[in-house]
Structures are given as structure tokens and as C-alpha cells.
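Notes for the one structure printed next.
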Amino acid sequence: MNTFSKIQNQNRGIVMDRRLSPIKLDSYQPLREVVCESLREAIRNGVLKPGERIMEIQLAEELGVSRTPVREAIRKLELEGYVIMMPRRGTYVATMSIRDINEIFEIRTALESLSNGLAAERITDEELEHLQRLLVIIGGYIADNDIEKIVETDIEFHDLLYHAARNTRLVGVISNLRDQLTRFRTLSMSYPGRLEATLEEHRAIVEAIAQGDVNTARKAAEMHMENSEKTLLQAMEVVNKKQAKGKKTSKAAKEK
Ligand SMILES: [Zn+2]
């Protein structure tokens with residue numbers, strides 16, 4: 001899905017990045033539902049980035065459908081809070097406020113800490129071995145700078161940790177909080193130095209759990225969340241500055 005093949009828009013001579021896979025038309029679901037799901041996934045995975053302008057015509061071309069189901073899907077995604085439609089200014093992938101992010105991390109830090117503490121008491125030998133294996137795998141992907149694989153394996157790593165806590169309700173609540181931030185994963189992970197730091201933080205978590213040290217495991221999780229939040233906010237600031245700059249230059253160009 002994430003292959004950046006260039007396609008030529010012959011009508012306007014614009015080269016666009018094709019990032020979405022064409023819709024399979026043999027689906028039993030109504031087309032607008034399939035389009036909606038595909039766009040929702042693209043936003044959650046960060047393929048369509050927070051703050052990015054959404055062009056109906058471009059999405060329709062990439063998905064290989066007409067504009068009508070795309071328009072309907074966008075309207076639905078607006079109700080779900082994934083996109084924002086601004087009169088006369090266009091449609092954008094919704095960003096989150098700093099306050100939203102603070103709120104999510106406040107709860108998540110507490111729950112990740114709880115989960116890690118429980119995992120330190122309840123993890124099985126096989127799970128521990130699996131965690132250690134994942135650290136090696138993530139290290140390899142970092143060496144290859146394969147962000148997509150890193151994000152994927154990071155999710156697997158945390159899923160395994162949640163599972164090791166052996167509390168299904170806790171898993172449900174944490175997963176929901178994590179989902180709300182999924183679309184920022186790529187942005188965070190691309191921030192300079194974050195990959196290496198993440199690996200170190202994961203190592204600290206695994207070490208504490210391996211030793212059955214509940215307090216250190218909890219602290220390691222809290223530290224990991226604190227740093228994740230800090231990085232995300234810094235990365236968002238960079239994006240916001242770039243956008244502000246972009247707006248200024250396009251305004252200046254118009255005024256000429
Ligand atoms: Zn992590």
C-alpha cells in the first residue's frame with residue numbers, strides 16, 4: 001500500500017505521489033463504505049498525514065473510483081473526526097491539539113506502567129524470549145532504516161507486552177488509546193534519533209521484566225511514554241512550522 005509509484009496526471013501535467021491502492025470492485029460492501037475504510041486506514045497509518053490537504057479528484061484517481069463515493073466517504077470521515085472541511089479552503093486530514101495529545105498520554109502512561117508491572121509478574125518464558133527476539137529484529141530494521149517495518153514490529157512488541165500482563169480489559173483500554181495516536185507513529189519514528197532511543201527504552205523494559213522487577217518495569221514504561229510524547233510534540237512542531245511557512249510563501253506569491 002505504501003509504494004510511492006509516481007503517476008502522471010496527463011490532464012494537468014502534474015506528477016503526483018500515488019500512495020493508495022486501487023479499490024477492489026468485487027467487494028460485497030457498498031463502494032462508499034470500502035472507500036471510507038480505505039481512507040480511514042490511510043489516515044490511521046499516516047499514509048495521509050495530519051494537516052495534509054485532501055484532494056477529492058486525486059484520491060478518486062488513486063483509488064480508481066469516481067468522485068461521488070470519495071465525496072461521501074470524506075463527509076463520513078468528517079463526522080468521525082478524521083478530516084476537517086473548511087469552507088472555501090479545502091479539506092484537510094485532522095490534526096490533534098497539544099491538549100488532546102497530553103490527555104491521551106496522561107492516561108496511557110498510567111496504564112502502560114500498570115501493564116508493565118503486571119507483565120513483570122506474569123510473563124511466561126516463551127513470551128520473554130519472543131520479546132528479546134523482537135528487540136533483535138527491530139535493531140535490524142533500524143539498521144536498514146525501514147520505518148514501515150519498525151512501526152509494525154513496535155506494535156507487535158507492545159501487543160506482546162500487553163498480553164503478558166494477562167488482563168484483557170486493560171488490553172482493550174490501552175489499545176483504544178494507542179489507536180488514537182497510530183496515525184502519528186511514522187511522524188514520531190522519523191524524528192531524528194528517536195529510533196535508537198526507542199530501542200534503548202524497549203531494552204530497559206525487557207530487562208526489568210526479565211528480572212521480575214515490578215518497580216523498574218513500571219518506571220521504564222513511564223520513561224518510554226514520556227519520551228514518546230515529547231518526540232511527538234517536537235515532530236508536530238516541525239510540521240506546523242513548515243506549514244506556516246508554506247502558507248506565508250503562497251500568500252506572498254498571490255499578492256504579487
Ligand atoms: Zn515502544
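The way I read the labels, and the way they are meant: chains A, B, ... in the order of the C-alpha cells, residue 1 as the first residue of every chain, and ligand 1 as the first ligand shown, with later ones counted on from there.
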
Hey, which residues come within 8 Å of ligand 1 if we count only C-alpha atoms and all ligand atoms? Could you give them as an mmCIF file with N, CA and C atoms, in the first residue's frame?
data_model
loop_
_atom_site.group_PDB
_atom_site.id
_atom_site.type_symbol
_atom_site.label_atom_id
_atom_site.label_comp_id
_atom_site.auth_asym_id
_atom_site.auth_seq_id
_atom_site.Cartn_x
_atom_site.Cartn_y
_atom_site.Cartn_z
ATOM 1 N N ASP A 154 7.132 -2.608 16.250
ATOM 2 C CA ASP A 154 6.921 -1.901 17.511
ATOM 3 C C ASP A 154 5.533 -2.217 18.063
ATOM 4 N N ILE A 155 4.540 -2.234 17.169
ATOM 5 C CA ILE A 155 3.173 -2.559 17.585
ATOM 6 C C ILE A 155 3.132 -3.992 18.120
ATOM 7 N N PHE A 157 5.586 -5.667 19.418
ATOM 8 C CA PHE A 157 6.308 -5.668 20.695
ATOM 9 C C PHE A 157 5.372 -5.269 21.839
ATOM 10 N N HIS A 158 4.653 -4.164 21.636
ATOM 11 C CA HIS A 158 3.770 -3.692 22.709
ATOM 12 C C HIS A 158 2.572 -4.612 22.901
ATOM 13 N N THR A 198 14.251 4.687 21.067
ATOM 14 C CA THR A 198 13.155 3.740 21.295
ATOM 15 C C THR A 198 13.709 2.359 21.605
ATOM 16 N N LEU A 199 14.698 1.958 20.835
ATOM 17 C CA LEU A 199 15.278 0.628 21.041
ATOM 18 C C LEU A 199 15.865 0.514 22.448
ATOM 19 N N GLU A 201 14.981 2.217 25.084
ATOM 20 C CA GLU A 201 13.880 2.214 26.052
ATOM 21 C C GLU A 201 13.194 0.848 26.098
ATOM 22 N N HIS A 202 13.051 0.241 24.923
ATOM 23 C CA HIS A 202 12.466 -1.100 24.871
ATOM 24 C C HIS A 202 13.359 -2.102 25.595
ATOM 25 N N HIS A 224 9.407 5.568 28.777
ATOM 26 C CA HIS A 224 9.158 5.353 27.349
ATOM 27 C C HIS A 224 8.000 6.235 26.865
ATOM 28 N N MET A 225 6.946 6.332 27.653
ATOM 29 C CA MET A 225 5.794 7.151 27.278
ATOM 30 C C MET A 225 6.144 8.642 27.292
ATOM 31 N N SER A 228 8.135 9.333 24.276
ATOM 32 C CA SER A 228 7.309 9.239 23.065
ATOM 33 C C SER A 228 6.493 10.511 22.891
#

Quick one: contact table of segment 82-175 of chain A to segment 54-73 of chain A, 9 Å max, nearest atom pair and distance in Å to one decimal per residue, counting only C-alpha atoms, chain and number order, as a tab-separated table?
residue	atom	partner	partner_atom	distance
A:Val83	CA	A:Ile54	CA	8.7
A:Gly90	CA	A:Ile54	CA	7.5
A:Thr91	CA	A:Ile54	CA	5.4
A:Tyr92	CA	A:Ile54	CA	5.3
A:Val93	CA	A:Ile54	CA	6.8

Residues of the last selection are to be written out with C-alpha atoms, as a PDB file, in the first residue's frame.
ATOM      1  CA  VAL A  83     -10.889  15.105   8.410  1.00  0.00           C
ATOM      2  CA  GLY A  90     -10.489  22.813   1.258  1.00  0.00           C
ATOM      3  CA  THR A  91     -10.420  19.565   3.155  1.00  0.00           C
ATOM      4  CA  TYR A  92      -7.592  18.520   5.447  1.00  0.00           C
ATOM      5  CA  VAL A  93      -6.586  15.478   7.470  1.00  0.00           C
TER       6      VAL A  93
END

Which neighbours of Arg40 of chain A fall inside 9 Å, counting only C-alpha atoms, when residues of the same chain fewer than 4 positions from it are skipped, and could you give them as a VMD selection string? chain A and resid 35 to 36 44 to 45 77 82

According to DSSP computed on the backbone, where in segment 26-229 of chain A is there helix (DSSP H, G or I)? Give the residues as a PyMOL selection string. chain A and resi 31-44+56-63+67-79+98-122+125-144+147-165+168-189+194-210+214-229

What does the distance between atom CA of Thr231 of chain A and atom CA of Leu134 of chain A come to in Å, to one decimal place?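 Interatomic distance, atom CA of Thr231 of chain A to atom CA of Leu134 of chain A: 22.4 Å.
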
Please identify all polymer residues within 9 Å of Met189 of chain A, counting only C-alpha atoms, omitting same-chain residues fewer than 3 positions from it, and present them as number ranges by chain. A: 147, 150-151, 184-186, 192-195, 198, 231-232

Could you take the residues named above and write them with N, CA and C atoms, as a compact mmCIF listing (two decimals), in the first residue's frame?
# COMPACT_ATOMS: atom_id res chain seq x y z
N ILE A 147 11.31 2.21 8.11
CA ILE A 147 10.38 2.78 9.09
C ILE A 147 9.07 1.98 9.16
N ILE A 150 9.59 -1.06 11.12
CA ILE A 150 9.86 -0.72 12.52
C ILE A 150 8.54 -0.44 13.24
N VAL A 151 7.69 0.36 12.61
CA VAL A 151 6.40 0.69 13.21
C VAL A 151 5.60 -0.59 13.44
N PHE A 184 0.16 9.01 14.04
CA PHE A 184 1.35 9.84 14.24
C PHE A 184 2.63 9.01 14.36
N ARG A 185 2.48 7.67 14.30
CA ARG A 185 3.64 6.80 14.53
C ARG A 185 4.80 7.11 13.59
N THR A 186 4.47 7.17 12.30
CA THR A 186 5.54 7.37 11.31
C THR A 186 6.23 8.71 11.53
N PRO A 192 14.58 12.69 14.15
CA PRO A 192 16.00 12.33 14.30
C PRO A 192 16.33 11.76 15.68
N GLY A 193 16.95 10.60 15.70
CA GLY A 193 17.41 10.00 16.94
C GLY A 193 16.38 9.16 17.67
N ARG A 194 15.10 9.26 17.25
CA ARG A 194 14.05 8.59 18.00
C ARG A 194 14.15 7.06 17.92
N LEU A 195 14.54 6.55 16.75
CA LEU A 195 14.60 5.09 16.58
C LEU A 195 15.56 4.44 17.57
N THR A 198 14.25 4.69 21.07
CA THR A 198 13.15 3.74 21.29
C THR A 198 13.71 2.36 21.60
N THR A 231 8.75 13.49 21.90
CA THR A 231 9.15 13.42 20.49
C THR A 231 8.01 13.79 19.57
N LEU A 232 6.82 13.25 19.87
CA LEU A 232 5.68 13.54 19.01
C LEU A 232 5.40 15.04 18.96

Under the rule that only C-alpha atoms are counted, which of A:Ala204, A:Ile107, A:Met236, A:Leu187 is the nearest residue to Thr216 of chain A? A:Ala204

Using DSSP on the backbone coordinates, identify all residues within segment 37-254 of chain A classified as strand (DSSP E); present the result as a list in words.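 Of segment 37-254 of chain A, the ones in strand (DSSP E) are Arg53, Ile54, Val83, Ile84, Met85, Met86, Gly90, Thr91, Tyr92 and Val93 of chain A.
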
Store the residues picked out above in a file with N, CA and C atoms, as a compact mmCIF listing (two decimals), in the first residue's frame.
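Written output follows (again-v3.txt):
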# COMPACT_ATOMS: atom_id res chain seq x y z
N ARG A 53 -3.51 18.41 2.94
CA ARG A 53 -4.71 18.73 2.19
C ARG A 53 -5.18 17.51 1.41
N ILE A 54 -6.49 17.29 1.40
CA ILE A 54 -7.06 16.15 0.68
C ILE A 54 -7.73 16.64 -0.58
N VAL A 83 -11.21 14.00 9.32
CA VAL A 83 -10.89 15.11 8.41
C VAL A 83 -11.66 16.36 8.81
N ILE A 84 -11.17 17.49 8.34
CA ILE A 84 -11.82 18.76 8.61
C ILE A 84 -12.08 19.45 7.29
N MET A 85 -13.34 19.86 7.07
CA MET A 85 -13.67 20.56 5.83
C MET A 85 -13.80 22.04 6.16
N MET A 86 -13.00 22.86 5.46
CA MET A 86 -13.07 24.29 5.73
C MET A 86 -13.63 24.99 4.50
N GLY A 90 -10.79 24.19 1.56
CA GLY A 90 -10.49 22.81 1.26
C GLY A 90 -10.64 21.87 2.43
N THR A 91 -10.26 20.63 2.17
CA THR A 91 -10.42 19.57 3.15
C THR A 91 -9.05 19.09 3.61
N TYR A 92 -8.90 18.88 4.90
CA TYR A 92 -7.59 18.52 5.45
C TYR A 92 -7.72 17.32 6.38
N VAL A 93 -6.65 16.54 6.46
CA VAL A 93 -6.59 15.48 7.47
C VAL A 93 -6.51 16.17 8.83

Go through A:Asn116, A:Gln132, A:Gln29, A:Ser97 one by one, measure the shortest atom-to-atom distance of each to Val171 of chain A using only C-alpha atoms, and give the residue with the smallest value.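 Counting only C-alpha atoms, the residue closest to Val171 of chain A is A:Asn116.
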